[in-house]
$ cat target_27.txt   # compact mmCIF, C-alpha atoms
# COMPACT_ATOMS: atom_id res chain seq x y z
CA MET A 1 51.67 16.27 -27.26
CA GLU A 2 54.89 18.09 -26.30
CA ARG A 3 54.88 20.73 -28.98
CA PRO A 4 52.14 22.06 -31.20
CA ILE A 5 52.59 20.85 -34.78
CA LYS A 6 51.66 22.33 -38.13
CA ARG A 7 48.10 21.54 -39.10
CA ASP A 8 46.16 22.18 -42.28
CA PHE A 9 44.22 25.39 -42.20
CA LYS A 10 41.12 25.56 -44.36
CA ARG A 11 40.98 29.06 -45.83
CA PRO A 12 37.55 30.56 -45.24
CA THR A 13 35.59 30.86 -48.48
CA HIS A 14 32.28 32.05 -47.07
CA ILE A 15 31.51 34.61 -44.38
CA ASN A 16 30.08 31.79 -42.25
CA ASP A 17 33.49 30.07 -42.17
CA TYR A 18 35.06 32.87 -40.16
CA PRO A 19 35.27 32.45 -36.38
CA VAL A 20 32.63 34.32 -34.42
CA GLY A 21 34.53 36.97 -32.48
CA PRO A 22 38.26 37.45 -32.37
CA GLN A 23 39.28 34.12 -30.84
CA TYR A 24 40.80 30.92 -32.14
CA GLU A 25 42.13 27.58 -30.98
CA ALA A 26 45.22 27.91 -28.75
CA GLY A 27 48.34 26.32 -30.21
CA PHE A 28 47.01 26.09 -33.77
CA LEU A 29 49.96 26.43 -36.14
CA ALA A 30 49.17 26.93 -39.81
CA GLU A 31 52.73 27.33 -41.06
CA THR A 32 56.33 26.58 -40.14
CA ASN A 33 59.19 29.05 -39.72
CA ALA A 34 61.84 26.97 -41.48
CA SER A 35 62.01 29.33 -44.47
CA TRP A 36 63.45 32.10 -42.25
CA ARG A 37 66.67 30.19 -41.81
CA THR A 38 69.96 31.00 -43.55
CA PHE A 39 72.15 28.88 -41.26
CA ARG A 40 71.10 25.59 -39.72
CA PRO A 41 72.39 24.41 -36.33
CA VAL A 42 73.94 20.95 -36.51
CA ILE A 43 74.68 19.23 -33.20
CA ASP A 44 77.81 17.13 -32.79
CA LEU A 45 76.47 14.41 -30.48
CA ASP A 46 79.96 13.24 -29.51
CA LYS A 47 80.80 16.65 -28.06
CA CYS A 48 77.37 17.27 -26.47
CA ILE A 49 77.42 16.85 -22.68
CA ASN A 50 73.66 17.43 -22.29
CA CYS A 51 74.10 20.53 -20.11
CA LEU A 52 70.85 21.86 -21.64
CA ILE A 53 72.06 25.46 -21.87
CA CYS A 54 70.92 25.60 -25.52
CA TYR A 55 67.58 24.18 -24.42
CA MET A 56 67.14 27.03 -21.93
CA VAL A 57 68.20 29.91 -24.15
CA CYS A 58 66.55 28.99 -27.48
CA PRO A 59 64.09 31.83 -28.23
CA ASP A 60 61.89 29.48 -30.23
CA GLY A 61 62.04 26.42 -28.00
CA THR A 62 63.16 24.22 -30.88
CA ILE A 63 65.84 22.33 -28.91
CA MET A 64 64.38 19.05 -27.69
CA LYS A 65 65.53 16.77 -24.87
CA ARG A 66 66.13 13.33 -26.34
CA GLU A 67 67.58 10.41 -24.33
CA GLY A 68 70.53 12.20 -22.79
CA LYS A 69 71.25 14.35 -25.86
CA VAL A 70 69.55 17.26 -27.57
CA ALA A 71 67.92 17.49 -30.99
CA VAL A 72 66.56 20.37 -33.07
CA ASP A 73 63.07 20.82 -34.49
CA TYR A 74 64.01 22.14 -37.92
CA ASP A 75 60.40 23.04 -38.73
CA TYR A 76 60.49 25.97 -36.32
CA CYS A 77 64.20 26.81 -35.93
CA LYS A 78 64.91 30.29 -37.34
CA GLY A 79 68.67 29.81 -37.34
CA CYS A 80 69.49 32.71 -35.00
CA GLY A 81 72.59 30.89 -33.72
CA VAL A 82 72.09 31.61 -30.01
CA CYS A 83 72.49 27.89 -29.21
CA ALA A 84 75.80 27.63 -31.06
CA HIS A 85 77.10 30.82 -29.45
CA GLU A 86 76.20 29.75 -25.90
CA CYS A 87 77.30 26.11 -26.17
CA PRO A 88 80.20 25.64 -23.69
CA LYS A 89 81.60 22.70 -25.68
CA ASP A 90 81.23 24.19 -29.18
CA ALA A 91 79.16 21.18 -30.11
CA ILE A 92 76.80 23.11 -32.38
CA ALA A 93 77.92 24.25 -35.82
CA MET A 94 75.98 26.74 -37.95
CA ILE A 95 75.98 25.43 -41.50
CA LYS A 96 74.69 27.41 -44.46
CA GLU A 97 71.45 26.13 -45.93
CA GLU A 98 71.75 24.86 -49.49
CA LEU A 99 68.89 25.64 -51.77
CA MET B 100 56.33 34.25 2.75
CA THR B 101 58.49 32.71 5.48
CA ASN B 102 61.91 31.27 4.78
CA GLU B 103 60.66 27.77 5.46
CA THR B 104 58.04 27.82 2.73
CA ILE B 105 60.59 29.19 0.27
CA MET B 106 62.85 26.24 1.06
CA ASN B 107 60.03 23.83 0.31
CA ILE B 108 59.35 25.04 -3.23
CA PRO B 109 60.61 22.36 -5.64
CA ARG B 110 63.42 23.78 -7.76
CA VAL B 111 62.88 23.97 -11.50
CA THR B 112 65.94 23.27 -13.64
CA PRO B 113 66.28 22.51 -17.36
CA LYS B 114 66.68 18.84 -16.40
CA ASN B 115 63.29 18.50 -14.72
CA MET B 116 61.48 21.21 -16.67
CA THR B 117 58.45 20.17 -18.69
CA GLU B 118 59.13 19.23 -22.32
CA GLN B 119 55.89 20.97 -23.27
CA GLU B 120 56.22 24.27 -25.11
CA PHE B 121 53.57 26.93 -24.55
CA PHE B 122 55.00 29.63 -26.81
CA TYR B 123 55.86 27.89 -30.03
CA GLY B 124 55.88 28.74 -33.71
CA HIS B 125 55.74 32.48 -33.04
CA LYS B 126 56.95 35.07 -35.54
CA ALA B 127 59.41 36.97 -33.34
CA CYS B 128 62.65 38.11 -35.00
CA ALA B 129 65.46 35.55 -34.92
CA GLY B 130 67.33 35.80 -31.62
CA CYS B 131 64.51 37.64 -29.82
CA GLY B 132 65.24 38.01 -26.10
CA GLY B 133 61.65 38.75 -25.10
CA SER B 134 60.48 35.41 -26.42
CA VAL B 135 63.10 33.62 -24.29
CA ALA B 136 61.60 35.29 -21.22
CA VAL B 137 57.99 34.47 -22.17
CA ARG B 138 58.82 30.91 -23.14
CA LEU B 139 60.78 30.11 -19.96
CA ALA B 140 58.19 31.76 -17.70
CA LEU B 141 55.34 29.76 -19.26
CA LYS B 142 57.33 26.55 -18.94
CA VAL B 143 57.72 27.19 -15.22
CA LEU B 144 54.11 28.27 -14.71
CA GLY B 145 52.63 25.34 -16.64
CA GLU B 146 49.55 24.69 -18.70
CA ARG B 147 47.01 26.05 -16.20
CA THR B 148 48.08 29.61 -16.81
CA TYR B 149 46.04 32.47 -18.16
CA SER B 150 48.20 35.04 -19.88
CA ALA B 151 47.27 38.61 -20.74
CA LEU B 152 49.37 40.61 -23.19
CA PRO B 153 49.01 44.28 -24.09
CA ALA B 154 49.84 45.62 -27.53
CA GLY B 155 53.54 44.92 -27.88
CA CYS B 156 56.00 42.56 -29.49
CA MET B 157 54.83 39.36 -27.85
CA ALA B 158 51.18 40.04 -28.71
CA ALA B 159 52.10 40.95 -32.28
CA VAL B 160 54.20 37.84 -32.89
CA GLY B 161 52.06 35.42 -30.92
CA PHE B 162 48.63 35.89 -32.42
CA ILE B 163 48.75 36.09 -36.20
CA PHE B 164 45.50 34.48 -37.27
CA PRO B 165 45.45 31.52 -37.82
CA GLN B 166 48.93 31.04 -36.32
CA MET B 167 48.28 30.85 -32.56
CA ALA B 168 51.65 30.55 -30.84
CA PHE B 169 50.32 30.43 -27.27
CA LYS B 170 49.33 26.93 -26.20
CA ASN B 171 47.75 28.13 -22.96
CA ASN B 172 44.75 30.44 -22.64
CA SER B 173 45.86 33.90 -23.72
CA ILE B 174 44.31 37.20 -24.56
CA ILE B 175 45.43 40.50 -26.06
CA THR B 176 44.37 43.46 -23.94
CA THR B 177 44.27 47.20 -24.42
CA PHE B 178 47.66 48.89 -24.11
CA PRO B 179 47.08 50.56 -20.71
CA GLY B 180 44.81 47.86 -19.30
CA VAL B 181 46.83 44.66 -19.11
CA ALA B 182 46.99 44.56 -15.32
CA SER B 183 43.30 45.30 -14.87
CA MET B 184 42.42 42.64 -17.48
CA ALA B 185 44.54 40.13 -15.57
CA SER B 186 42.82 41.13 -12.31
CA GLY B 187 39.50 40.42 -14.01
CA ILE B 188 40.68 37.05 -15.30
CA ALA B 189 41.88 36.04 -11.83
CA ALA B 190 38.60 37.14 -10.26
CA GLY B 191 36.55 35.40 -12.97
CA ALA B 192 38.40 32.12 -12.64
CA LYS B 193 38.01 32.29 -8.87
CA ALA B 194 34.28 32.91 -9.25
CA LEU B 195 34.07 29.78 -11.40
CA GLY B 196 35.56 27.82 -8.53
CA GLN B 197 38.94 27.23 -10.13
CA THR B 198 41.88 26.89 -7.77
CA ASP B 199 44.71 25.37 -9.83
CA PHE B 200 45.51 28.34 -12.04
CA LYS B 201 47.93 31.26 -12.24
CA THR B 202 47.36 34.53 -14.08
CA VAL B 203 50.31 36.21 -15.72
CA CYS B 204 50.88 39.42 -17.68
CA PHE B 205 53.62 39.78 -20.26
CA ALA B 206 54.13 43.44 -20.99
CA GLY B 207 56.99 45.28 -22.61
CA ASP B 208 58.82 48.20 -21.05
CA GLY B 209 56.50 50.78 -22.62
CA GLY B 210 53.39 48.86 -21.55
CA THR B 211 54.75 48.75 -18.00
CA ALA B 212 56.70 51.90 -17.22
CA ASP B 213 54.73 54.37 -19.33
CA ILE B 214 51.32 53.34 -20.55
CA GLY B 215 50.33 50.53 -18.18
CA LEU B 216 51.70 51.96 -14.94
CA GLN B 217 48.38 53.17 -13.59
CA ALA B 218 46.59 49.83 -14.01
CA LEU B 219 49.62 48.01 -12.64
CA SER B 220 49.62 50.22 -9.56
CA GLY B 221 45.94 49.46 -8.99
CA MET B 222 46.49 45.74 -9.37
CA ILE B 223 49.25 45.73 -6.75
CA ASP B 224 47.17 47.93 -4.45
CA ARG B 225 44.30 45.40 -4.57
CA ASP B 226 46.83 42.57 -4.19
CA ASP B 227 45.18 40.51 -6.93
CA ASP B 228 46.67 37.08 -7.53
CA VAL B 229 48.61 38.04 -10.66
CA LEU B 230 52.23 37.69 -11.69
CA TYR B 231 53.28 40.67 -13.80
CA ILE B 232 56.34 40.08 -15.97
CA CYS B 233 57.85 43.07 -17.74
CA TYR B 234 60.29 42.12 -20.51
CA ASP B 235 62.46 45.17 -20.86
CA ASN B 236 64.03 45.70 -24.29
CA GLU B 237 64.50 49.39 -23.60
CA ALA B 238 62.26 50.96 -26.27
CA TYR B 239 58.96 50.51 -28.11
CA MET B 240 60.35 47.87 -30.46
CA ASN B 241 57.10 46.62 -31.95
CA THR B 242 56.18 49.98 -33.46
CA GLY B 243 59.66 50.72 -34.76
CA ILE B 244 62.04 51.58 -31.90
CA GLN B 245 60.71 54.69 -30.15
CA LYS B 246 62.02 55.92 -26.80
CA SER B 247 60.21 54.66 -23.68
CA GLY B 248 60.60 55.47 -20.00
CA LEU B 249 63.05 52.60 -19.68
CA THR B 250 65.35 53.67 -22.51
CA PRO B 251 68.80 54.38 -21.02
CA TYR B 252 70.90 57.50 -21.57
CA GLY B 253 72.47 57.86 -25.00
CA THR B 254 70.30 55.35 -26.86
CA HIS B 255 69.67 56.08 -30.52
CA THR B 256 65.98 55.54 -31.25
CA THR B 257 63.76 56.91 -34.00
CA THR B 258 62.36 59.55 -31.63
CA THR B 259 65.75 60.40 -30.10
CA PRO B 260 68.03 60.35 -33.14
CA ALA B 261 71.65 60.80 -32.14
CA GLY B 262 73.55 63.58 -33.88
CA LYS B 263 75.14 66.96 -33.40
CA ASN B 264 72.34 68.32 -31.21
CA LEU B 265 71.24 65.23 -29.32
CA PRO B 266 73.27 62.46 -27.62
CA GLY B 267 70.38 60.05 -28.21
CA SER B 268 67.99 59.58 -25.29
CA LYS B 269 68.64 62.36 -22.76
CA THR B 270 67.05 60.63 -19.78
CA HIS B 271 68.17 57.66 -17.71
CA LYS B 272 66.12 54.55 -17.05
CA LYS B 273 63.06 55.04 -14.89
CA ASN B 274 63.45 53.15 -11.63
CA VAL B 275 60.46 50.85 -12.09
CA PHE B 276 61.64 48.21 -9.65
CA GLU B 277 61.66 50.65 -6.75
CA ILE B 278 58.40 52.25 -7.86
CA ILE B 279 56.78 48.81 -7.65
CA ALA B 280 58.48 48.01 -4.34
CA ALA B 281 57.17 51.27 -2.91
CA HIS B 282 53.66 49.72 -3.14
CA ASP B 283 54.82 47.25 -0.48
CA ILE B 284 54.22 44.43 -2.92
CA LYS B 285 54.58 40.85 -1.66
CA TYR B 286 57.38 39.99 -4.06
CA ALA B 287 59.24 41.91 -6.76
CA ALA B 288 62.44 41.01 -8.56
CA THR B 289 64.69 42.02 -11.41
CA ALA B 290 66.26 39.44 -13.68
CA SER B 291 68.04 39.10 -17.00
CA ILE B 292 67.74 36.48 -19.72
CA GLY B 293 71.54 36.40 -19.60
CA TYR B 294 71.11 34.52 -16.31
CA PRO B 295 68.25 32.16 -17.23
CA GLN B 296 68.43 29.94 -14.13
CA ASP B 297 68.13 32.98 -11.87
CA PHE B 298 65.08 34.11 -13.87
CA ILE B 299 63.52 30.63 -13.65
CA ASN B 300 64.03 30.59 -9.86
CA LYS B 301 62.35 33.97 -9.50
CA VAL B 302 59.34 32.99 -11.63
CA ASN B 303 59.07 29.77 -9.64
CA LYS B 304 59.07 31.70 -6.38
CA ALA B 305 56.43 34.14 -7.65
CA LYS B 306 54.31 31.23 -8.85
CA HIS B 307 53.95 29.97 -5.29
CA ILE B 308 53.03 33.34 -3.80
CA LYS B 309 49.35 34.17 -3.53
CA GLY B 310 48.90 37.85 -4.37
CA ALA B 311 50.44 40.42 -6.65
CA THR B 312 54.03 39.78 -7.74
CA PHE B 313 56.28 41.54 -10.23
CA ILE B 314 59.35 40.50 -12.21
CA HIS B 315 61.33 42.92 -14.36
CA VAL B 316 63.39 40.90 -16.84
CA TYR B 317 66.03 42.44 -19.09
CA ALA B 318 65.56 41.03 -22.61
CA SER B 319 67.73 41.88 -25.57
CA CYS B 320 66.38 42.87 -28.99
CA PRO B 321 68.77 42.27 -31.93
CA THR B 322 66.61 44.30 -34.31
CA GLY B 323 66.32 47.41 -32.16
CA TRP B 324 69.77 47.26 -30.59
CA GLY B 325 71.76 46.57 -33.72
CA THR B 326 73.42 43.41 -32.42
CA PRO B 327 73.99 40.07 -34.18
CA THR B 328 71.17 37.58 -33.57
CA ASN B 329 73.45 35.00 -31.95
CA THR B 330 74.71 37.27 -29.14
CA SER B 331 71.28 37.97 -27.58
CA ILE B 332 71.99 36.05 -24.40
CA GLU B 333 75.61 37.20 -24.16
CA ILE B 334 74.67 40.88 -24.36
CA ALA B 335 72.01 40.49 -21.65
CA ARG B 336 74.63 38.82 -19.45
CA GLU B 337 77.20 41.55 -20.10
CA ALA B 338 74.70 44.24 -19.12
CA VAL B 339 74.55 42.63 -15.67
CA ASP B 340 78.32 42.09 -15.49
CA CYS B 341 79.09 45.73 -16.24
CA GLY B 342 76.57 46.91 -13.63
CA LEU B 343 74.10 48.74 -15.85
CA ILE B 344 71.46 46.15 -14.92
CA PHE B 345 71.24 44.75 -11.40
CA LEU B 346 69.71 41.53 -10.09
CA ALA B 347 67.70 42.16 -6.95
CA GLU B 348 64.64 41.06 -4.99
CA TYR B 349 62.17 42.85 -2.76
CA GLU B 350 60.41 40.76 -0.17
CA ASN B 351 58.90 41.33 3.28
CA GLY B 352 59.88 44.98 3.11
CA ASP B 353 63.55 44.27 2.41
CA PHE B 354 65.65 44.82 -0.68
CA LYS B 355 68.24 42.19 -1.47
CA LEU B 356 71.00 42.37 -4.08
CA ASN B 357 71.43 38.91 -5.62
CA LYS B 358 74.62 39.74 -7.42
CA ASN B 359 77.15 42.19 -6.05
CA PRO B 360 80.27 42.01 -8.21
CA LYS B 361 83.53 43.31 -6.74
CA GLU B 362 84.59 44.66 -10.10
CA PHE B 363 82.46 45.60 -13.05
CA ALA B 364 83.18 44.54 -16.61
CA SER B 365 83.90 47.31 -19.12
CA VAL B 366 80.89 49.51 -19.85
CA LYS B 367 82.54 50.82 -23.00
CA GLU B 368 82.91 47.33 -24.41
CA TYR B 369 79.25 46.59 -23.73
CA LEU B 370 78.06 49.85 -25.30
CA THR B 371 80.22 49.93 -28.42
CA LYS B 372 79.08 46.44 -29.40
CA GLN B 373 75.59 47.75 -30.06
CA GLY B 374 74.44 49.81 -33.00
CA ARG B 375 72.19 51.95 -30.80
CA PHE B 376 75.18 53.22 -28.77
CA LYS B 377 77.76 53.41 -31.55
CA HIS B 378 77.74 57.23 -31.73
CA MET B 379 78.52 57.68 -28.03
CA THR B 380 81.50 59.86 -27.15
CA ASP B 381 83.79 59.28 -24.17
CA GLU B 382 81.96 62.01 -22.23
CA ASP B 383 78.64 60.26 -22.82
CA ILE B 384 80.10 57.00 -21.58
CA GLU B 385 81.52 58.79 -18.53
CA GLN B 386 78.03 60.05 -17.77
CA VAL B 387 76.62 56.51 -17.99
CA ILE B 388 79.35 55.21 -15.67
CA GLY B 389 78.79 58.09 -13.23
CA PHE B 390 75.08 57.31 -13.05
CA ARG B 391 75.82 53.62 -12.55
CA ASP B 392 78.24 54.29 -9.69
CA MET B 393 75.83 56.63 -7.98
CA LYS B 394 73.10 54.00 -8.13
CA TRP B 395 75.32 51.17 -6.90
CA GLU B 396 76.63 53.27 -4.05
CA ARG B 397 73.05 53.83 -2.90
CA MET B 398 72.06 50.19 -3.35
CA ARG B 399 75.08 48.88 -1.46
CA ARG B 400 74.43 51.31 1.36
CA ASN B 401 70.72 50.61 1.81
CA TRP B 402 70.08 47.09 0.52
CA ASN B 403 71.01 43.69 1.91
CA HIS B 404 73.83 41.95 0.10
CA LYS B 405 76.48 39.33 0.73
$ encode --input "target_27.txt" --output "structure tokens"
Amino acid sequence: MERPIKRDFKRPTHINDYPVGPQYEAGFLAETNASWRTFRPVIDLDKCINCLICYMVCPDGTIMKREGKVAVDYDYCKGCGVCAHECPKDAIAMIKEEL
Amino acid sequence: MTNETIMNIPRVTPKNMTEQEFFYGHKACAGCGGSVAVRLALKVLGERTYSALPAGCMAAVGFIFPQMAFKNNSIITTFPGVASMASGIAAGAKALGQTDFKTVCFAGDGGTADIGLQALSGMIDRDDDVLYICYDNEAYMNTGIQKSGLTPYGTHTTTTPAGKNLPGSKTHKKNVFEIIAAHDIKYAATASIGYPQDFINKVNKAKHIKGATFIHVYASCPTGWGTPTNTSIEIAREAVDCGLIFLAEYENGDFKLNKNPKEFASVKEYLTKQGRFKHMTDEDIEQVIGFRDMKWERMRRNWNHK
């Protein structure tokens, strides 16, 4: 598995359901961050030269390497716009999310 | 480490970097520079890494039960004790017979330069096999932007409010890099997330050194600095270009400047872009430039550079 994915978290109902001690499974994600986003990055694959600068500078690691191009994991992208700002070919547009 | 062994370390680039993410789904502010540093470092270090984090942004955004953003083994430590905790982890793993691991600390500037300095000094003195990464966002951001030892002159923070009586922070940045180098550490470096490949190279080098190593990485903070979220990387790059942050290495007793620009970019342009420096007068900016020039004069005189 490349990236951790969202899994169902069973809310504890009884004291025995709580973990013993302050530790928990590494990489367990109970929710996504998609609701943080106001603008969504959209990649123009014709302009993309696969330089992977966006891949390096994404604070959330949501840019994925896919067969010579990049793609975005919209479940965890917060829409900060760093990728669009750093793209040397202006291949990423920030488009307002419609509700 | 001899030059030959350095040459033999396989280079890590975005092309051959692992697709695995070890810091994913965290709750850091949009455009967080510290999380770029943590994410890239963990990608270079790999899955067999134990990380220790003191109270600070990355601990606060990484472990929100049940959202566990770290995919590798990680632990939150006491604020002053991150380096000693990491020493213990390294010793414990060694006692269990493990050989294929690396221990890393991710501490903020407060957890390094102020609160955690004593434990860090002890760790370097014992030469424990730990890589200590300080992501420097120039104030205690997690608790609401208070001044730390690494806050530069003129910064508006909640404990140094700029106004008629105060220019913001009255002190300059503490020289942590040279404090660490004075321990005769095996390897220490400064980096900036504005130059990610340079940072990756330095983490990669530290990964292959057995013993205590230290990397001071400049990481922007849109929330605390009052900058737009999309310029996080740009602002960290400009800080290096205008000379307020330098890229250097300390190894085998020698300092080396990695980047020695002939001309600096405009300091004023860099400062006025940020909400935390907006109040600064021309005299304040002159003072910042004077301090920068004094420092660079000393570095160029005493350190190796091209």
$ closest_atom_pairs --input "target_27.txt" --of "chain A" --to "chain B" --cutoff "6 Å" --atoms "all atoms listed in the file" --output "tab-separated table"
residue	atom	partner	partner_atom	distance
A:Glu2	CA	B:Gln119	CA	4.3
A:Arg3	CA	B:Glu120	CA	5.4
A:Ala26	CA	B:Lys170	CA	4.9
A:Gly27	CA	B:Lys170	CA	4.2
A:Phe28	CA	B:Met167	CA	5.1
A:Leu29	CA	B:Gln166	CA	4.7
A:Ala30	CA	B:Gln166	CA	5.4
A:Pro59	CA	B:Val135	CA	4.4
A:Tyr76	CA	B:Gly124	CA	6.0
A:Lys78	CA	B:Ala129	CA	5.8
A:Cys80	CA	B:Ala129	CA	4.9
A:Gly81	CA	B:Asn329	CA	4.6
A:Val82	CA	B:Asn329	CA	4.1
$ residues_around --input "target_27.txt" --residues "Pro88 of chain A" --least-positions-apart "3" --cutoff "9 Å" --atoms "all atoms listed in the file" --output "ChimeraX atom specification"
/A:51,53,84-85,91
$ residues_around --input "target_27.txt" --residues "Asp46 of chain A" --least-positions-apart "4" --cutoff "12 Å" --atoms "all atoms listed in the file" --output "list of chain:residue names"
A:Asn50, A:Gly68, A:Lys69, A:Val70, A:Lys89, A:Asp90, A:Ala91, A:Ile92
$ residues_around --input "target_27.txt" --residues "segment 191-202 of chain B" --least-positions-apart "5" --cutoff "6 Å" --atoms "only C-alpha atoms" --output "ChimeraX atom specification"
/B:147-150,229
$ closest_residue --input "target_27.txt" --among "B:Leu230, B:Thr254, B:Lys272, B:Pro109" --to "Phe313 of chain B" --atoms "all atoms listed in the file"
B:Leu230
$ build_atoms --input "target_27.txt" --residues "segment 76-94 of chain A" --atoms "N, CA and C atoms" --output "PDB file, in the frame of the given file"
ATOM      1  N   TYR A  76      60.712  24.669 -36.938  1.00  0.00           N
ATOM      2  CA  TYR A  76      60.490  25.970 -36.320  1.00  0.00           C
ATOM      3  C   TYR A  76      61.766  26.718 -35.944  1.00  0.00           C
ATOM      4  N   CYS A  77      62.934  26.111 -36.204  1.00  0.00           N
ATOM      5  CA  CYS A  77      64.200  26.810 -35.930  1.00  0.00           C
ATOM      6  C   CYS A  77      64.379  27.937 -36.953  1.00  0.00           C
ATOM      7  N   LYS A  78      64.707  29.146 -36.439  1.00  0.00           N
ATOM      8  CA  LYS A  78      64.910  30.290 -37.340  1.00  0.00           C
ATOM      9  C   LYS A  78      66.379  30.514 -37.647  1.00  0.00           C
ATOM     10  N   GLY A  79      67.245  29.711 -37.047  1.00  0.00           N
ATOM     11  CA  GLY A  79      68.670  29.810 -37.340  1.00  0.00           C
ATOM     12  C   GLY A  79      69.336  31.038 -36.772  1.00  0.00           C
ATOM     13  N   CYS A  80      68.899  31.498 -35.584  1.00  0.00           N
ATOM     14  CA  CYS A  80      69.490  32.710 -35.000  1.00  0.00           C
ATOM     15  C   CYS A  80      70.914  32.460 -34.513  1.00  0.00           C
ATOM     16  N   GLY A  81      71.222  31.215 -34.139  1.00  0.00           N
ATOM     17  CA  GLY A  81      72.590  30.890 -33.720  1.00  0.00           C
ATOM     18  C   GLY A  81      72.881  31.103 -32.262  1.00  0.00           C
ATOM     19  N   VAL A  82      71.870  31.421 -31.447  1.00  0.00           N
ATOM     20  CA  VAL A  82      72.090  31.610 -30.010  1.00  0.00           C
ATOM     21  C   VAL A  82      72.626  30.323 -29.385  1.00  0.00           C
ATOM     22  N   CYS A  83      72.077  29.180 -29.785  1.00  0.00           N
ATOM     23  CA  CYS A  83      72.490  27.890 -29.210  1.00  0.00           C
ATOM     24  C   CYS A  83      73.970  27.632 -29.470  1.00  0.00           C
ATOM     25  N   ALA A  84      74.401  27.871 -30.712  1.00  0.00           N
ATOM     26  CA  ALA A  84      75.800  27.630 -31.060  1.00  0.00           C
ATOM     27  C   ALA A  84      76.723  28.574 -30.309  1.00  0.00           C
ATOM     28  N   HIS A  85      76.284  29.828 -30.125  1.00  0.00           N
ATOM     29  CA  HIS A  85      77.100  30.820 -29.450  1.00  0.00           C
ATOM     30  C   HIS A  85      77.237  30.530 -27.960  1.00  0.00           C
ATOM     31  N   GLU A  86      76.188  29.994 -27.348  1.00  0.00           N
ATOM     32  CA  GLU A  86      76.200  29.750 -25.900  1.00  0.00           C
ATOM     33  C   GLU A  86      76.748  28.383 -25.527  1.00  0.00           C
ATOM     34  N   CYS A  87      76.870  27.483 -26.484  1.00  0.00           N
ATOM     35  CA  CYS A  87      77.300  26.110 -26.170  1.00  0.00           C
ATOM     36  C   CYS A  87      78.704  26.122 -25.570  1.00  0.00           C
ATOM     37  N   PRO A  88      78.880  25.589 -24.325  1.00  0.00           N
ATOM     38  CA  PRO A  88      80.200  25.640 -23.690  1.00  0.00           C
ATOM     39  C   PRO A  88      81.200  24.680 -24.329  1.00  0.00           C
ATOM     40  N   LYS A  89      80.709  23.705 -25.087  1.00  0.00           N
ATOM     41  CA  LYS A  89      81.600  22.700 -25.680  1.00  0.00           C
ATOM     42  C   LYS A  89      81.749  22.886 -27.195  1.00  0.00           C
ATOM     43  N   ASP A  90      81.220  23.957 -27.721  1.00  0.00           N
ATOM     44  CA  ASP A  90      81.230  24.190 -29.180  1.00  0.00           C
ATOM     45  C   ASP A  90      80.733  22.980 -29.957  1.00  0.00           C
ATOM     46  N   ALA A  91      79.675  22.384 -29.465  1.00  0.00           N
ATOM     47  CA  ALA A  91      79.160  21.180 -30.110  1.00  0.00           C
ATOM     48  C   ALA A  91      78.153  21.494 -31.205  1.00  0.00           C
ATOM     49  N   ILE A  92      77.799  22.762 -31.357  1.00  0.00           N
ATOM     50  CA  ILE A  92      76.800  23.110 -32.380  1.00  0.00           C
ATOM     51  C   ILE A  92      77.469  23.952 -33.457  1.00  0.00           C
ATOM     52  N   ALA A  93      77.357  23.505 -34.691  1.00  0.00           N
ATOM     53  CA  ALA A  93      77.920  24.250 -35.820  1.00  0.00           C
ATOM     54  C   ALA A  93      76.779  24.873 -36.607  1.00  0.00           C
ATOM     55  N   MET A  94      76.996  26.108 -37.111  1.00  0.00           N
ATOM     56  CA  MET A  94      75.980  26.740 -37.950  1.00  0.00           C
ATOM     57  C   MET A  94      76.406  26.539 -39.408  1.00  0.00           C
TER      58      MET A  94
END
